[in-house]
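Visitor: Got a file for you: model-v3.cif, mmCIF, C-alpha atoms and all ligand atoms.
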```cif
data_final
#
loop_
_atom_site.group_PDB
_atom_site.id
_atom_site.type_symbol
_atom_site.label_atom_id
_atom_site.label_comp_id
_atom_site.auth_asym_id
_atom_site.auth_seq_id
_atom_site.Cartn_x
_atom_site.Cartn_y
_atom_site.Cartn_z
ATOM 1 C CA MET A 852 -16.956 -3.889 -9.937
ATOM 2 C CA ASN A 853 -18.468 -1.648 -7.293
ATOM 3 C CA THR A 854 -16.453 -0.163 -4.443
ATOM 4 C CA PHE A 855 -17.433 -2.749 -1.822
ATOM 5 C CA GLU A 856 -16.550 -5.554 -4.236
ATOM 6 C CA ALA A 857 -13.087 -4.059 -4.780
ATOM 7 C CA ILE A 858 -12.588 -3.626 -1.020
ATOM 8 C CA SER A 859 -13.687 -7.222 -0.413
ATOM 9 C CA LYS A 860 -11.467 -8.547 -3.199
ATOM 10 C CA ARG A 861 -8.339 -6.715 -2.012
ATOM 11 C CA THR A 862 -5.826 -9.017 -0.406
ATOM 12 C CA SER A 863 -2.061 -8.907 -0.041
ATOM 13 C CA VAL A 864 -0.482 -10.491 -3.118
ATOM 14 C CA ARG A 865 3.243 -11.193 -3.035
ATOM 15 C CA GLU A 866 3.796 -13.310 -6.167
ATOM 16 C CA TYR A 867 3.473 -11.870 -9.614
ATOM 17 C CA ARG A 868 3.652 -12.753 -13.280
ATOM 18 C CA LYS A 869 6.435 -11.120 -15.275
ATOM 19 C CA ASP A 870 4.158 -8.889 -17.390
ATOM 20 C CA PRO A 871 4.643 -5.147 -16.997
ATOM 21 C CA ILE A 872 1.923 -2.757 -15.825
ATOM 22 C CA GLU A 873 0.951 -0.177 -18.427
ATOM 23 C CA ARG A 874 1.839 3.381 -17.457
ATOM 24 C CA PRO A 875 -1.755 4.726 -17.575
ATOM 25 C CA LEU A 876 -2.737 2.162 -14.924
ATOM 26 C CA LEU A 877 0.151 3.241 -12.698
ATOM 27 C CA GLU A 878 -0.909 6.831 -13.201
ATOM 28 C CA THR A 879 -4.482 5.965 -12.204
ATOM 29 C CA LEU A 880 -3.174 4.328 -9.028
ATOM 30 C CA VAL A 881 -1.394 7.533 -8.057
ATOM 31 C CA ASP A 882 -4.457 9.542 -9.033
ATOM 32 C CA SER A 883 -6.517 7.312 -6.709
ATOM 33 C CA ALA A 884 -3.997 7.736 -3.902
ATOM 34 C CA ARG A 885 -3.900 11.511 -4.088
ATOM 35 C CA ARG A 886 -7.719 11.692 -3.890
ATOM 36 C CA ALA A 887 -7.637 10.392 -0.308
ATOM 37 C CA PRO A 888 -8.892 12.544 2.555
ATOM 38 C CA SER A 889 -6.232 14.710 4.167
ATOM 39 C CA ALA A 890 -6.442 16.417 7.551
ATOM 40 C CA ARG A 891 -6.748 20.198 7.084
ATOM 41 C CA ALA A 892 -6.510 19.472 3.332
ATOM 42 C CA VAL A 893 -2.715 19.671 3.549
ATOM 43 C CA GLU A 894 -2.095 16.861 1.032
ATOM 44 C CA PRO A 895 1.463 16.250 2.281
ATOM 45 C CA TRP A 896 2.123 13.313 -0.040
ATOM 46 C CA GLU A 897 4.557 12.616 -2.854
ATOM 47 C CA PHE A 898 4.635 9.384 -4.840
ATOM 48 C CA VAL A 899 7.585 7.671 -6.479
ATOM 49 C CA VAL A 900 6.683 5.031 -9.055
ATOM 50 C CA VAL A 901 9.469 2.525 -9.659
ATOM 51 C CA THR A 902 9.536 0.080 -12.582
ATOM 52 C CA ASP A 903 13.304 -0.161 -13.078
ATOM 53 C CA ARG A 904 14.354 -3.753 -12.308
ATOM 54 C CA ASP A 905 17.669 -2.846 -10.639
ATOM 55 C CA THR A 906 15.934 -0.387 -8.318
ATOM 56 C CA LEU A 907 13.240 -2.934 -7.449
ATOM 57 C CA VAL A 908 15.959 -5.437 -6.575
ATOM 58 C CA ARG A 909 17.803 -2.865 -4.437
ATOM 59 C CA LEU A 910 14.576 -2.078 -2.583
ATOM 60 C CA SER A 911 13.872 -5.786 -2.068
ATOM 61 C CA GLU A 912 17.331 -6.281 -0.582
ATOM 62 C CA THR A 913 16.809 -3.332 1.743
ATOM 63 C CA CYS A 914 13.345 -4.208 3.067
ATOM 64 C CA ASP A 915 13.503 -7.330 5.203
ATOM 65 C CA HIS A 916 9.766 -7.962 4.904
ATOM 66 C CA GLY A 917 9.568 -6.923 1.274
ATOM 67 C CA ARG A 918 11.862 -9.402 -0.437
ATOM 68 C CA PHE A 919 9.106 -10.160 -2.974
ATOM 69 C CA LEU A 920 9.600 -6.656 -4.424
ATOM 70 C CA LYS A 921 12.278 -8.126 -6.680
ATOM 71 C CA GLY A 922 9.568 -10.049 -8.540
ATOM 72 C CA ALA A 923 7.125 -7.129 -8.734
ATOM 73 C CA ALA A 924 6.408 -5.218 -11.929
ATOM 74 C CA ALA A 925 6.386 -1.943 -10.043
ATOM 75 C CA CYS A 926 6.527 -0.320 -6.658
ATOM 76 C CA LEU A 927 4.560 2.695 -5.535
ATOM 77 C CA ALA A 928 6.473 4.445 -2.771
ATOM 78 C CA VAL A 929 4.392 6.830 -0.683
ATOM 79 C CA PHE A 930 6.137 9.673 1.166
ATOM 80 C CA CYS A 931 4.768 12.565 3.188
ATOM 81 C CA ARG A 932 6.085 15.836 4.476
ATOM 82 C CA ASP A 933 6.363 15.847 8.272
ATOM 83 C CA THR A 934 2.958 17.398 9.040
ATOM 84 C CA LYS A 935 0.809 16.803 12.118
ATOM 85 C CA TYR A 936 -1.298 14.142 10.431
ATOM 86 C CA TYR A 937 1.190 12.832 7.892
ATOM 87 C CA LEU A 938 0.741 9.209 8.939
ATOM 88 C CA GLU A 939 -3.040 9.214 8.718
ATOM 89 C CA ASP A 940 -2.954 11.065 5.400
ATOM 90 C CA GLY A 941 -0.287 8.807 3.935
ATOM 91 C CA CYS A 942 -2.073 5.658 5.074
ATOM 92 C CA ALA A 943 -5.361 6.861 3.579
ATOM 93 C CA ALA A 944 -3.562 7.483 0.277
ATOM 94 C CA THR A 945 -1.942 4.043 0.423
ATOM 95 C CA GLU A 946 -5.261 2.304 1.023
ATOM 96 C CA ASN A 947 -6.867 4.171 -1.878
ATOM 97 C CA ALA A 948 -4.098 2.850 -4.144
ATOM 98 C CA LEU A 949 -4.589 -0.700 -2.846
ATOM 99 C CA ILE A 950 -8.329 -0.616 -3.522
ATOM 100 C CA ALA A 951 -7.788 0.847 -6.991
ATOM 101 C CA ALA A 952 -5.235 -1.915 -7.684
ATOM 102 C CA ALA A 953 -7.749 -4.576 -6.618
ATOM 103 C CA ASP A 954 -10.316 -3.005 -8.925
ATOM 104 C CA MET A 955 -7.858 -3.258 -11.851
ATOM 105 C CA GLY A 956 -7.115 -6.908 -11.081
ATOM 106 C CA LEU A 957 -3.587 -6.048 -9.982
ATOM 107 C CA GLY A 958 -1.933 -7.791 -7.066
ATOM 108 C CA ALA A 959 -0.431 -5.532 -4.426
ATOM 109 C CA CYS A 960 1.034 -5.616 -0.948
ATOM 110 C CA TRP A 961 1.655 -2.848 1.595
ATOM 111 C CA ILE A 962 5.225 -2.887 2.853
ATOM 112 C CA ALA A 963 5.922 -0.741 5.937
ATOM 113 C CA GLY A 964 6.934 2.119 6.491
ATOM 114 C CA ASP A 965 8.495 4.871 8.574
ATOM 115 C CA LYS A 966 8.906 2.749 11.704
ATOM 116 C CA LYS A 967 11.363 0.520 9.881
ATOM 117 C CA PRO A 968 15.127 0.992 10.215
ATOM 118 C CA TYR A 969 15.455 0.760 6.429
ATOM 119 C CA ALA A 970 13.380 3.925 5.818
ATOM 120 C CA ALA A 971 16.521 6.066 5.481
ATOM 121 C CA GLU A 972 18.051 3.640 2.982
ATOM 122 C CA VAL A 973 14.855 3.618 0.887
ATOM 123 C CA LYS A 974 14.995 7.411 0.721
ATOM 124 C CA LYS A 975 18.638 7.228 -0.395
ATOM 125 C CA ILE A 976 17.848 4.690 -3.125
ATOM 126 C CA LEU A 977 14.950 6.780 -4.426
ATOM 127 C CA ASP A 978 16.691 10.133 -4.000
ATOM 128 C CA VAL A 979 14.064 11.439 -1.594
ATOM 129 C CA PRO A 980 14.912 14.327 0.784
ATOM 130 C CA ARG A 981 15.823 13.122 4.295
ATOM 131 C CA GLU A 982 13.063 15.120 5.995
ATOM 132 C CA MET A 983 10.324 13.232 4.138
ATOM 133 C CA LYS A 984 8.541 10.350 5.899
ATOM 134 C CA LEU A 985 8.303 6.965 4.239
ATOM 135 C CA ILE A 986 4.699 5.824 4.636
ATOM 136 C CA SER A 987 4.654 2.680 2.563
ATOM 137 C CA LEU A 988 6.039 0.796 -0.369
ATOM 138 C CA VAL A 989 3.310 -0.865 -2.386
ATOM 139 C CA SER A 990 4.515 -3.774 -4.478
ATOM 140 C CA LEU A 991 2.499 -4.224 -7.660
ATOM 141 C CA GLY A 992 2.117 -6.855 -10.348
ATOM 142 C CA TRP A 993 -0.301 -9.140 -12.107
ATOM 143 C CA PRO A 994 -1.055 -11.926 -9.601
ATOM 144 C CA ALA A 995 0.679 -15.263 -10.200
ATOM 145 C CA GLU A 996 -2.427 -17.001 -8.905
ATOM 146 C CA ALA A 997 -5.888 -16.099 -7.725
ATOM 147 C CA GLY A 998 -6.121 -15.420 -4.017
ATOM 148 C CA GLU A 999 -8.969 -14.595 -1.711
ATOM 149 C CA GLN A 1000 -9.158 -12.168 1.134
ATOM 150 C CA SER A 1001 -9.254 -13.923 4.487
ATOM 151 C CA LYS A 1002 -10.195 -12.123 7.679
ATOM 152 C CA SER A 1003 -9.900 -13.747 11.080
ATOM 153 C CA ARG A 1004 -12.665 -11.772 12.778
ATOM 154 C CA GLU A 1005 -16.322 -11.827 11.813
ATOM 155 C CA LEU A 1006 -18.285 -8.617 11.367
ATOM 156 C CA ALA A 1007 -20.643 -9.556 14.222
ATOM 157 C CA ASP A 1008 -17.670 -9.947 16.609
ATOM 158 C CA LEU A 1009 -16.381 -6.443 16.176
ATOM 159 C CA ILE A 1010 -19.375 -4.268 15.470
ATOM 160 C CA HIS A 1011 -20.789 -2.309 18.421
ATOM 161 C CA TRP A 1012 -24.063 -0.500 17.982
ATOM 162 C CA GLU A 1013 -24.385 2.779 19.871
ATOM 163 C CA ARG A 1014 -22.060 1.818 22.775
ATOM 164 C CA TYR A 1015 -19.022 -0.416 23.077
ATOM 165 C CA ASN A 1016 -20.277 -2.351 26.097
ATOM 166 C CA LYS A 1017 -23.937 -2.503 25.173
ATOM 167 C CA LYS A 1018 -25.058 -6.107 24.733
ATOM 168 C CA GLU A 1019 -27.597 -6.909 22.027
ATOM 169 C CA GLU A 1020 -30.875 -8.000 23.634
HETATM 170 C C1 LIG A 1101 1.010 -0.795 8.004
HETATM 171 C C2 LIG A 1101 1.162 -2.111 7.288
HETATM 172 C C3 LIG A 1101 2.418 -2.615 7.076
HETATM 173 C C4 LIG A 1101 2.589 -3.825 6.402
HETATM 174 N N1 LIG A 1101 3.860 -4.254 6.158
HETATM 175 C C5 LIG A 1101 4.038 -5.405 5.483
HETATM 176 C C6 LIG A 1101 5.363 -5.830 5.149
HETATM 177 O O1 LIG A 1101 6.350 -5.160 5.469
HETATM 178 N N2 LIG A 1101 5.499 -6.984 4.449
HETATM 179 C C7 LIG A 1101 4.416 -7.744 4.067
HETATM 180 O O2 LIG A 1101 4.616 -8.792 3.446
HETATM 181 N N3 LIG A 1101 3.145 -7.362 4.363
HETATM 182 C C8 LIG A 1101 2.930 -6.220 5.046
HETATM 183 N N4 LIG A 1101 1.656 -5.776 5.298
HETATM 184 C C9 LIG A 1101 0.502 -6.562 4.828
HETATM 185 C C10 LIG A 1101 -0.141 -7.359 5.957
HETATM 186 O O3 LIG A 1101 0.689 -8.433 6.302
HETATM 187 C C11 LIG A 1101 -1.537 -7.846 5.475
HETATM 188 O O4 LIG A 1101 -2.339 -6.729 5.204
HETATM 189 C C12 LIG A 1101 -2.207 -8.734 6.513
HETATM 190 O O5 LIG A 1101 -1.538 -9.973 6.625
HETATM 191 C C13 LIG A 1101 -3.682 -9.005 6.168
HETATM 192 O O6 LIG A 1101 -3.803 -9.651 4.930
HETATM 193 P P1 LIG A 1101 -4.609 -9.000 3.700
HETATM 194 O O7 LIG A 1101 -3.907 -7.721 3.308
HETATM 195 O O8 LIG A 1101 -4.535 -10.032 2.620
HETATM 196 O O9 LIG A 1101 -6.021 -8.718 4.151
HETATM 197 C C14 LIG A 1101 1.456 -4.570 5.967
HETATM 198 C C15 LIG A 1101 0.186 -4.037 6.180
HETATM 199 C C16 LIG A 1101 0.037 -2.817 6.814
HETATM 200 C C17 LIG A 1101 -1.351 -2.249 6.998
#
```
Can the structure from this file be put into structure tokens for me?
Ligand SMILES: Cc1cc2nc3c(=O)[nH]c(=O)nc-3n(C[C@H](O)[C@H](O)[C@H](O)COP(=O)(O)O)c2cc1C

Guide:
Amino acid sequence: MNTFEAISKRTSVREYRKDPIERPLLETLVDSARRAPSARAVEPWEFVVVTDRDTLVRLSETCDHGRFLKGAAACLAVFCRDTKYYLEDGCAATENALIAAADMGLGACWIAGDKKPYAAEVKKILDVPREMKLISLVSLGWPAEAGEQSKSRELADLIHWERYNKKEE
């Protein structure tokens, strides 16, 4: 699969089979994440990989929009130090992991994030220092069924050549 195919195949998957994800694959996901661009090359990220069932259930009970974590094989939690561009860096790392997961045939879903009131609780559960920022929790598992990416806006509707307001002749 080439990169554009993986990007086009990626979609949020929230139902998973029970099979575990082999450790080398999880390691490759983190390796993909940490290869993201980082403003000023600070690389402020840290990654916690969770496969323990009890911890997954605790996370699912904590994250109101991430209940499906209890059925995931793993969760990749992305944290950043509080740098100027921590959010951009952390999001770039998260997206790299999502694309790598799609390439491996894994299902994944981005669960927010540091704007959520549960961020502090997630840090407690995962024993992460308070000053770190929670960027995302990425649920992971082998998809229960095949799903397709669906985008509501067409390329032609959102692409602007040269200037935003320039109309195509
Ligand atoms: C910053 C961010 C936060 C998100 N948080 C959640 C979440 O908490 N729970 C969830 O089920 N999906 C979450 N999503 C996934 C979006 O709902 C999903 O990307 C969107 O519906 C588009 O679908 P697609 O990913 O299949 O293209 C989040 C996505 C982003 C980028």

Visitor: Step by step, work through what the PyMOL selection byres (((chain A and resi 981-983) around 7) and not hetatm) selects in the shown file, and finish by giving those residues as a JSON list (two decimals) with C-alpha atoms, keeping the file's coordinate frame.

Guide:
```json
[["chain", "number", "residue", "atom", "x", "y", "z"],
["A", 930, "PHE", "CA", 6.14, 9.67, 1.17],
["A", 931, "CYS", "CA", 4.77, 12.56, 3.19],
["A", 932, "ARG", "CA", 6.08, 15.84, 4.48],
["A", 933, "ASP", "CA", 6.36, 15.85, 8.27],
["A", 974, "LYS", "CA", 15.00, 7.41, 0.72],
["A", 979, "VAL", "CA", 14.06, 11.44, -1.59],
["A", 980, "PRO", "CA", 14.91, 14.33, 0.78],
["A", 984, "LYS", "CA", 8.54, 10.35, 5.90],
["A", 985, "LEU", "CA", 8.30, 6.96, 4.24]]
```

Visitor: The PyMOL selection byres (((chain A and resi 992-1008) around 6) and not hetatm) on the file shown: which residues, as a VMD selection string?

Guide: chain A and resid 862 866 to 868 923 to 924 957 to 958 991 1009 to 1010

Visitor: Using only C-alpha atoms and all ligand atoms, find the one residue out of A:Thr854, A:Asn947, A:Thr879, A:Ser859 that sits nearest to ligand LIG 1101 (chain A).

Guide: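 Checking each of A:Thr854, A:Asn947, A:Thr879, A:Ser859 against ligand LIG 1101 (chain A), counting only C-alpha atoms and all ligand atoms, the winner is A:Ser859.
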
Visitor: Mind giving me the straight-line distance from atom C9 of ligand LIG 1101 (chain A) to atom CA of A:Glu946 in Å, one decimal?

Guide: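 Interatomic distance, atom C9 of ligand LIG 1101 (chain A) to atom CA of A:Glu946: 11.2 Å.
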
Visitor: Which residues are near A:Asp905? Cut-off 12 Å, only C-alpha atoms, ignore same chain within fewer than 5 positions. Put them as a list in words.

Guide: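 Listing them by chain and then by number gives Leu910, Ser911, Glu912, Leu920, Lys921, Gly922, Ala923, Ala924, Ala925, Ile976 and Leu977 of chain A.
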
Visitor: Smallest atom-to-atom distance to A:Gly917: which of A:Val929, A:Ile962, A:Cys942, A:Ala887, using only C-alpha atoms?

Guide: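 Result for the nearest residue to A:Gly917: A:Ile962.
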
Visitor: Between A:Trp1012, A:Trp961, A:Tyr969, A:Trp896, which is the closest to ligand LIG 1101 (chain A) once you count all atoms listed in the file?

Guide: A:Trp961

Visitor: Would you list the residues near (-12.1, -2.8, -8.4) (no more than 8 Å away, in the coordinates of the file, using only C-alpha atoms) as a compact mmCIF listing (two decimals) with C-alpha atoms, in the coordinates of the input?

Guide:
```txt
# COMPACT_ATOMS: atom_id res chain seq x y z
CA MET A 852 -16.96 -3.89 -9.94
CA ASN A 853 -18.47 -1.65 -7.29
CA THR A 854 -16.45 -0.16 -4.44
CA GLU A 856 -16.55 -5.55 -4.24
CA ALA A 857 -13.09 -4.06 -4.78
CA ILE A 858 -12.59 -3.63 -1.02
CA LYS A 860 -11.47 -8.55 -3.20
CA ILE A 950 -8.33 -0.62 -3.52
CA ALA A 951 -7.79 0.85 -6.99
CA ALA A 952 -5.24 -1.92 -7.68
CA ALA A 953 -7.75 -4.58 -6.62
CA ASP A 954 -10.32 -3.00 -8.93
CA MET A 955 -7.86 -3.26 -11.85
CA GLY A 956 -7.12 -6.91 -11.08
```

Visitor: Which is closest to ligand LIG 1101 (chain A) among A:Asp965, A:Asp882, A:Glu873, A:Glu897, if we use only C-alpha atoms and all ligand atoms?

Guide: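 Nearest candidate to ligand LIG 1101 (chain A) out of A:Asp965, A:Asp882, A:Glu873, A:Glu897: A:Asp965.
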
Visitor: Please measure the separation of atom N3 of ligand LIG 1101 (chain A) and atom CA of A:Arg891, giving the value in Å to one decimal.

Guide: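 Those two atoms sit 29.4 Å apart.
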
Visitor: Which one is closest to ligand LIG 1101 (chain A): A:Glu878, A:Asp940, A:Asp915, A:Glu1013? Count only C-alpha atoms and all ligand atoms.

Guide: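 For ligand LIG 1101 (chain A), the nearest of the given residues is A:Asp915.
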
Visitor: Go ahead and fit an axis-aligned box to every listed atom of ligand LIG 1101 (chain A) plus 3 Å each side, and pass me the centre and edge lengths in Å, one decimal, as JSON.

Guide:
```
{"center_x": 0.2, "center_y": -5.4, "center_z": 5.3, "size_x": 18.4, "size_y": 15.2, "size_z": 11.4}
```
